[in-house]
Amino acid sequence: MRENSARWLAAGDAESIAAALAARFAQVFEQEPAGVWFAPGRANLNGEHIDFHGGRCLPVALRHGTYVAAAARTDGVLRLRTLDPKLDEGLIEIDVAGLSRERTGADAGFSAPIQGSGARSFSDAAGSPALEGTPSWTAYVSGVLWALGQIGEEHPELTLEPGYGADLLIRSTLPIGAGLSSSASLECAAALAFAATGTPLGAENPKEELNEALTDALRAVLAQVCIRAEVEVVGAGTGGLDQNASLRAAKGKLMSLDCRDFSMTRTDLTFLLRDYQFLAIDTGQPHELADGKFRSRRVEAEAATAALGVERLRDALPAKPRKTDMELLLERFDQAVKNGTDFGGLEAEACRRRLKHALGEMLRSEKIHALVTAEAHGVSHTAQTLGDMLSAGHTSMREQAEVSFRLADQVVDAALQFGALGARLIGGGFGGSVLALVPRAQLDDLVGVCSRLSPEIRFLEVTPSAAARAV
Ligand code: GLA
């Protein structure tokens with residue numbers, strides 16, 4: 001019933017959506033697709049803006065995500081169409097070989113996630129002539145195909161056949177730009193479609209057999225492919241949280257992702273979800289990650305890291321960091337400012353706030369990790385502690401990271417007032433969604449109150465779900 005209300009964004013039934021998409025594919029491309037692949041979006045309980053500092057993130061995969069129906073081509077052409085009415089411009093054709101030439105030229109985009117304030121603008125990387133005239137969303141797909149083609153001999157099972165191209169029809173059940181990782185879910189669904197239809201791994205493991213064949217190690221490789229696409233082709237500064245969550249999550253589980261090396265543990269959350277529900281509240285204000293704001297926050301945080309004299313911020317903290325460790329680092333930063341550290345025109349106070357956010361977020365992540373991986377705590381203790389962490393995370397997003405906005409603050413306040421144990425803005429910020437932990441008994445009241453804040457607000461049930469797969 002909830003799934004049918006206009007305020008709720010339904011995830012739908014994967015098999016039915018895949019069947020309808022396959023039928024539509026046959027109409028658009030006049031042939032049957034080789035299959036349909038799905039990759040989920042994510043909600044992150046803690047660890048925003050710290051994946052690129054090597055921090056720990058705590059995502060769950062959603063039931064909502066992106067579906068891709070695809071068939072291979074042998075002429076090196078990629079043909080794409082999305083069924084999203086806001087993005088659909090009919091069939092888009094991209095020459096895959098042309099994309100490769102661009103990327104290996106002198107003007108190739110980022111070779112690594114940005115570091116320091118002198119980094120080139122994200123948008124420099126997106127200006128590839130091979131992508132000229134194509135809608136910007138298509139770079140998330142063509143970028144993945146390009147990055148997969150760069151894998152080379154290290155992973156022969158994932159090597160694309162020469163001249164590989166593909167026809168793709170795309171449909172998403174995620175709101176776009178809502179901080180729920182719609183871009184990464186598109187990348188990851190495309191990556192599976194390409195792996196399935198263009199590599200030895202796909203040839204040897206047809207249809208759903210691919211799901212078994214895709215070990216966690218191979219999924220981590222595909223996550224790197226998608227990260228590379230987003231950083232080098234799209235030109236957005238992703239730190240890897242979204243792609244790893246989409247490709248490596250597990251049903252019923254919270255992922256604890258150590259972004260130093262992308263190792264992870266998964267903890268069962270079903271004990272908690274009997275009485276409590278995670279709820280994503282999409283404010284209806286979309287963000288644009290490839291624009292300057294996300295980048296400027298990251299650049300400031302990296303300038304603060306450099307002032308501490310470390311390469312990667314997480315390495316400045318011990319394995320089990322405490323508040324005093326954070327305070328010492330903030331003092332060290334203040335000392336560096338006194339000593340006349342050059343921030344390349346950035347405001348030292350702003351850099352300090354980004355630093356404080358990142359360190360606080362790292363501490364909270366480690367605390368939650370310890371909480372959920374420890375032997376049984378009571379359900380209500382776990383729920384309350386998680387709730388407190390969510391709310392502390394929001395305060396930091398608002399005051400230190402400065403990525404929150406009025407409607408998100410109002411949603412958090414309303415949620416807390418009407419029974420949520422905690423609530424926070426998730427994703428990159430400057431738009432997007434709030435995640436709340438709500439006792440099931442309070443859910444309807446809370447939804448009613450939040451709905452009144454804006455006609456654009458939508459709700460998504462956050463049910464920890466399985467990773468990307470052939471449907
Ligand atoms: C975006 C990026 C991620 C991460 C989050 C914020 O989603 O793609 O890598 O940095 O923002 O945590």
# chains A, B, ... in the order shown; residues from 1 in each chain; ligands from 1
$ residues_around --residues "Ser451 (chain A)" --least-positions-apart "4" --cutoff "10 Å" --atoms "only C-alpha atoms" --output "VMD selection string"
chain A and resid 7 281 283 411 445 to 447 455 to 459
$ residues_around --residues "Ala23 (chain A)" --least-positions-apart "4" --cutoff "10 Å" --atoms "only C-alpha atoms" --output "list in words"
Ile17, Ala18, Ala19, Gln27, Val28, Gln31, Glu32, Pro33 and Ala69 of chain A
$ closest_atom_pairs --of "chain A" --to "ligand 1" --cutoff "6 Å" --atoms "only C-alpha atoms and all ligand atoms" --output "JSON lines"
{"residue": "A:Glu48", "atom": "CA", "partner": "ligand 1", "partner_atom_place_in_ligand_line": "12 (O)", "distance": 3.1}
{"residue": "A:His49", "atom": "CA", "partner": "ligand 1", "partner_atom_place_in_ligand_line": "12 (O)", "distance": 3.8}
{"residue": "A:Asp51", "atom": "CA", "partner": "ligand 1", "partner_atom_place_in_ligand_line": "10 (O)", "distance": 5.6}
{"residue": "A:Ser181", "atom": "CA", "partner": "ligand 1", "partner_atom_place_in_ligand_line": "7 (O)", "distance": 6.0}
{"residue": "A:Thr238", "atom": "CA", "partner": "ligand 1", "partner_atom_place_in_ligand_line": "9 (O)", "distance": 3.6}
{"residue": "A:Gly239", "atom": "CA", "partner": "ligand 1", "partner_atom_place_in_ligand_line": "9 (O)", "distance": 3.6}
{"residue": "A:Gly240", "atom": "CA", "partner": "ligand 1", "partner_atom_place_in_ligand_line": "9 (O)", "distance": 4.8}
{"residue": "A:Leu241", "atom": "CA", "partner": "ligand 1", "partner_atom_place_in_ligand_line": "9 (O)", "distance": 4.9}
{"residue": "A:Asp242", "atom": "CA", "partner": "ligand 1", "partner_atom_place_in_ligand_line": "3 (C)", "distance": 5.8}
{"residue": "A:Gly427", "atom": "CA", "partner": "ligand 1", "partner_atom_place_in_ligand_line": "6 (C)", "distance": 4.5}
{"residue": "A:Gly428", "atom": "CA", "partner": "ligand 1", "partner_atom_place_in_ligand_line": "11 (O)", "distance": 3.7}
$ write_last_selection --atoms "C-alpha atoms" --output "JSON list (two decimals), in the first residue's frame"
[["chain", "number", "residue", "atom", "x", "y", "z"],
["A", 48, "GLU", "CA", 30.26, 11.41, 3.74],
["A", 49, "HIS", "CA", 33.08, 13.30, 2.03],
["A", 51, "ASP", "CA", 36.02, 8.15, 0.94],
["A", 181, "SER", "CA", 23.95, 7.39, -6.17],
["A", 238, "THR", "CA", 34.12, 10.43, -6.77],
["A", 239, "GLY", "CA", 36.04, 8.66, -4.03],
["A", 240, "GLY", "CA", 34.70, 5.14, -4.66],
["A", 241, "LEU", "CA", 32.01, 4.77, -2.00],
["A", 242, "ASP", "CA", 29.12, 4.61, -4.46],
["A", 427, "GLY", "CA", 25.53, 11.90, -0.27],
["A", 428, "GLY", "CA", 27.51, 14.86, -1.52]]
$ residues_around --residues "region 429-436 of chain A" --least-positions-apart "4" --cutoff "7 Å" --atoms "only C-alpha atoms" --output "NGL selection string"
:A and (177-179 or 278-287 or 403-405 or 408 or 412 or 420 or 422-425)
$ write_last_selection --atoms "all heavy atoms" --output "compact mmCIF listing (two decimals), in the first residue's frame"
# COMPACT_ATOMS: atom_id res chain seq x y z
N GLY A 177 20.04 12.69 -9.00
CA GLY A 177 20.61 13.81 -8.24
C GLY A 177 20.07 13.91 -6.82
O GLY A 177 20.10 14.97 -6.21
N ALA A 178 19.58 12.79 -6.28
CA ALA A 178 18.97 12.83 -4.94
C ALA A 178 19.92 12.32 -3.87
O ALA A 178 19.50 12.00 -2.76
CB ALA A 178 17.69 12.01 -4.94
N GLY A 179 21.22 12.24 -4.19
CA GLY A 179 22.20 11.80 -3.19
C GLY A 179 22.11 10.31 -2.91
O GLY A 179 22.60 9.83 -1.89
N PHE A 278 14.92 2.21 8.17
CA PHE A 278 15.64 3.33 7.57
C PHE A 278 14.76 3.89 6.46
O PHE A 278 14.21 3.15 5.65
CB PHE A 278 16.98 2.88 6.98
CG PHE A 278 18.03 2.64 8.03
CD1 PHE A 278 18.45 1.35 8.34
CD2 PHE A 278 18.60 3.71 8.72
CE1 PHE A 278 19.41 1.13 9.31
CE2 PHE A 278 19.57 3.50 9.68
CZ PHE A 278 19.97 2.21 9.99
N LEU A 279 14.69 5.21 6.45
CA LEU A 279 13.83 5.89 5.50
C LEU A 279 14.64 6.96 4.78
O LEU A 279 15.32 7.76 5.44
CB LEU A 279 12.68 6.55 6.28
CG LEU A 279 11.67 7.36 5.49
CD1 LEU A 279 10.81 6.44 4.63
CD2 LEU A 279 10.78 8.17 6.45
N ALA A 280 14.62 6.96 3.46
CA ALA A 280 15.26 8.06 2.72
C ALA A 280 14.18 9.06 2.35
O ALA A 280 13.13 8.68 1.83
CB ALA A 280 15.95 7.53 1.47
N ILE A 281 14.45 10.31 2.66
CA ILE A 281 13.49 11.37 2.36
C ILE A 281 14.15 12.26 1.31
O ILE A 281 15.07 13.03 1.60
CB ILE A 281 13.16 12.18 3.64
CG1 ILE A 281 12.71 11.22 4.75
CG2 ILE A 281 12.11 13.24 3.34
CD1 ILE A 281 12.77 11.79 6.15
N ASP A 282 13.70 12.10 0.08
CA ASP A 282 14.25 12.88 -1.04
C ASP A 282 13.60 14.26 -1.00
O ASP A 282 12.39 14.39 -1.16
CB ASP A 282 13.95 12.15 -2.36
CG ASP A 282 14.28 13.00 -3.57
OD1 ASP A 282 15.02 13.99 -3.43
OD2 ASP A 282 13.78 12.67 -4.66
N THR A 283 14.41 15.28 -0.80
CA THR A 283 13.86 16.65 -0.66
C THR A 283 13.33 17.17 -1.98
O THR A 283 12.63 18.18 -2.00
CB THR A 283 14.94 17.63 -0.18
OG1 THR A 283 16.00 17.67 -1.15
CG2 THR A 283 15.50 17.23 1.18
N GLY A 284 13.69 16.52 -3.08
CA GLY A 284 13.26 17.02 -4.39
C GLY A 284 14.15 18.12 -4.92
O GLY A 284 13.91 18.64 -6.00
N GLN A 285 15.18 18.47 -4.15
CA GLN A 285 16.15 19.47 -4.65
C GLN A 285 17.37 18.72 -5.15
O GLN A 285 18.18 18.25 -4.35
CB GLN A 285 16.57 20.42 -3.53
CG GLN A 285 15.49 21.38 -3.15
CD GLN A 285 15.99 22.46 -2.19
OE1 GLN A 285 17.17 22.75 -2.11
NE2 GLN A 285 15.07 23.04 -1.46
N PRO A 286 17.51 18.55 -6.47
CA PRO A 286 18.63 17.75 -6.97
C PRO A 286 19.96 18.50 -6.87
O PRO A 286 19.99 19.72 -6.88
CB PRO A 286 18.28 17.50 -8.42
CG PRO A 286 17.30 18.54 -8.79
CD PRO A 286 16.66 19.07 -7.54
N HIS A 287 21.03 17.75 -6.72
CA HIS A 287 22.36 18.35 -6.69
C HIS A 287 23.01 18.14 -8.05
O HIS A 287 22.53 17.40 -8.89
CB HIS A 287 23.23 17.71 -5.62
CG HIS A 287 23.53 16.28 -5.92
ND1 HIS A 287 24.38 15.89 -6.93
CD2 HIS A 287 23.07 15.14 -5.38
CE1 HIS A 287 24.42 14.60 -6.98
NE2 HIS A 287 23.63 14.10 -6.07
N VAL A 403 27.48 21.67 3.56
CA VAL A 403 26.89 21.15 2.33
C VAL A 403 25.39 20.95 2.47
O VAL A 403 24.75 20.43 1.57
CB VAL A 403 27.57 19.82 1.89
CG1 VAL A 403 29.04 20.03 1.60
CG2 VAL A 403 27.38 18.72 2.93
N SER A 404 24.84 21.34 3.66
CA SER A 404 23.40 21.17 3.84
C SER A 404 22.65 22.38 3.28
O SER A 404 23.26 23.32 2.79
CB SER A 404 23.06 20.95 5.31
OG SER A 404 21.70 20.56 5.43
N PHE A 405 21.34 22.32 3.35
CA PHE A 405 20.50 23.41 2.82
C PHE A 405 19.21 23.43 3.63
O PHE A 405 18.91 22.48 4.37
CB PHE A 405 20.24 23.21 1.32
CG PHE A 405 19.73 21.84 0.96
CD1 PHE A 405 18.38 21.64 0.70
CD2 PHE A 405 20.58 20.75 0.91
CE1 PHE A 405 17.89 20.38 0.40
CE2 PHE A 405 20.10 19.48 0.61
CZ PHE A 405 18.76 19.30 0.36
N ALA A 408 16.68 20.49 3.81
CA ALA A 408 17.25 19.30 4.47
C ALA A 408 17.26 19.50 5.99
O ALA A 408 16.92 18.58 6.75
CB ALA A 408 18.66 19.03 3.96
N VAL A 412 15.25 17.20 8.70
CA VAL A 412 15.92 16.56 9.85
C VAL A 412 15.21 16.96 11.15
O VAL A 412 14.88 16.10 11.99
CB VAL A 412 17.42 16.95 9.89
CG1 VAL A 412 18.05 16.57 11.23
CG2 VAL A 412 18.17 16.26 8.75
N ALA A 420 11.90 10.08 14.93
CA ALA A 420 13.12 9.45 14.41
C ALA A 420 14.18 9.41 15.51
O ALA A 420 14.28 10.34 16.32
CB ALA A 420 13.65 10.23 13.21
N GLY A 422 17.29 9.37 14.76
CA GLY A 422 18.36 10.19 14.21
C GLY A 422 18.07 10.45 12.75
O GLY A 422 17.28 9.72 12.13
N ALA A 423 18.68 11.50 12.21
CA ALA A 423 18.46 11.81 10.78
C ALA A 423 19.61 12.67 10.29
O ALA A 423 20.18 13.46 11.05
CB ALA A 423 17.15 12.56 10.59
N ARG A 424 19.97 12.48 9.02
CA ARG A 424 21.06 13.27 8.45
C ARG A 424 20.94 13.38 6.94
O ARG A 424 20.35 12.51 6.29
CB ARG A 424 22.42 12.65 8.78
CG ARG A 424 22.71 11.38 8.02
CD ARG A 424 24.16 10.95 8.19
NE ARG A 424 25.07 11.86 7.52
CZ ARG A 424 26.38 11.90 7.74
NH1 ARG A 424 26.93 11.08 8.62
NH2 ARG A 424 27.14 12.74 7.09
N LEU A 425 21.55 14.41 6.42
CA LEU A 425 21.73 14.54 4.98
C LEU A 425 22.76 13.49 4.55
O LEU A 425 23.78 13.31 5.21
CB LEU A 425 22.26 15.95 4.69
CG LEU A 425 22.59 16.29 3.24
CD1 LEU A 425 21.36 16.23 2.35
CD2 LEU A 425 23.21 17.68 3.16
$ closest_residue --among "A:Ala190, A:Ala304, A:Leu87, A:Leu168" --to "Ser246 (chain A)" --atoms "only C-alpha atoms"
A:Ala190
$ closest_residue --among "A:Pro175, A:Arg260, A:Ala220, A:Gly419" --to "Glu311 (chain A)" --atoms "only C-alpha atoms"
A:Arg260
$ select_by_dssp --residues "region 246-453 of chain A" --states "alpha helix (DSSP H)" --output "number ranges by chain"
A: 246-248, 270-273, 292-307, 323-338, 348-373, 379-399, 406-417, 443-451
$ closest_residue --among "A:Ala43, A:Val471, A:Ala189, A:Leu180" --to "Ser16 (chain A)" --atoms "only C-alpha atoms"
A:Val471
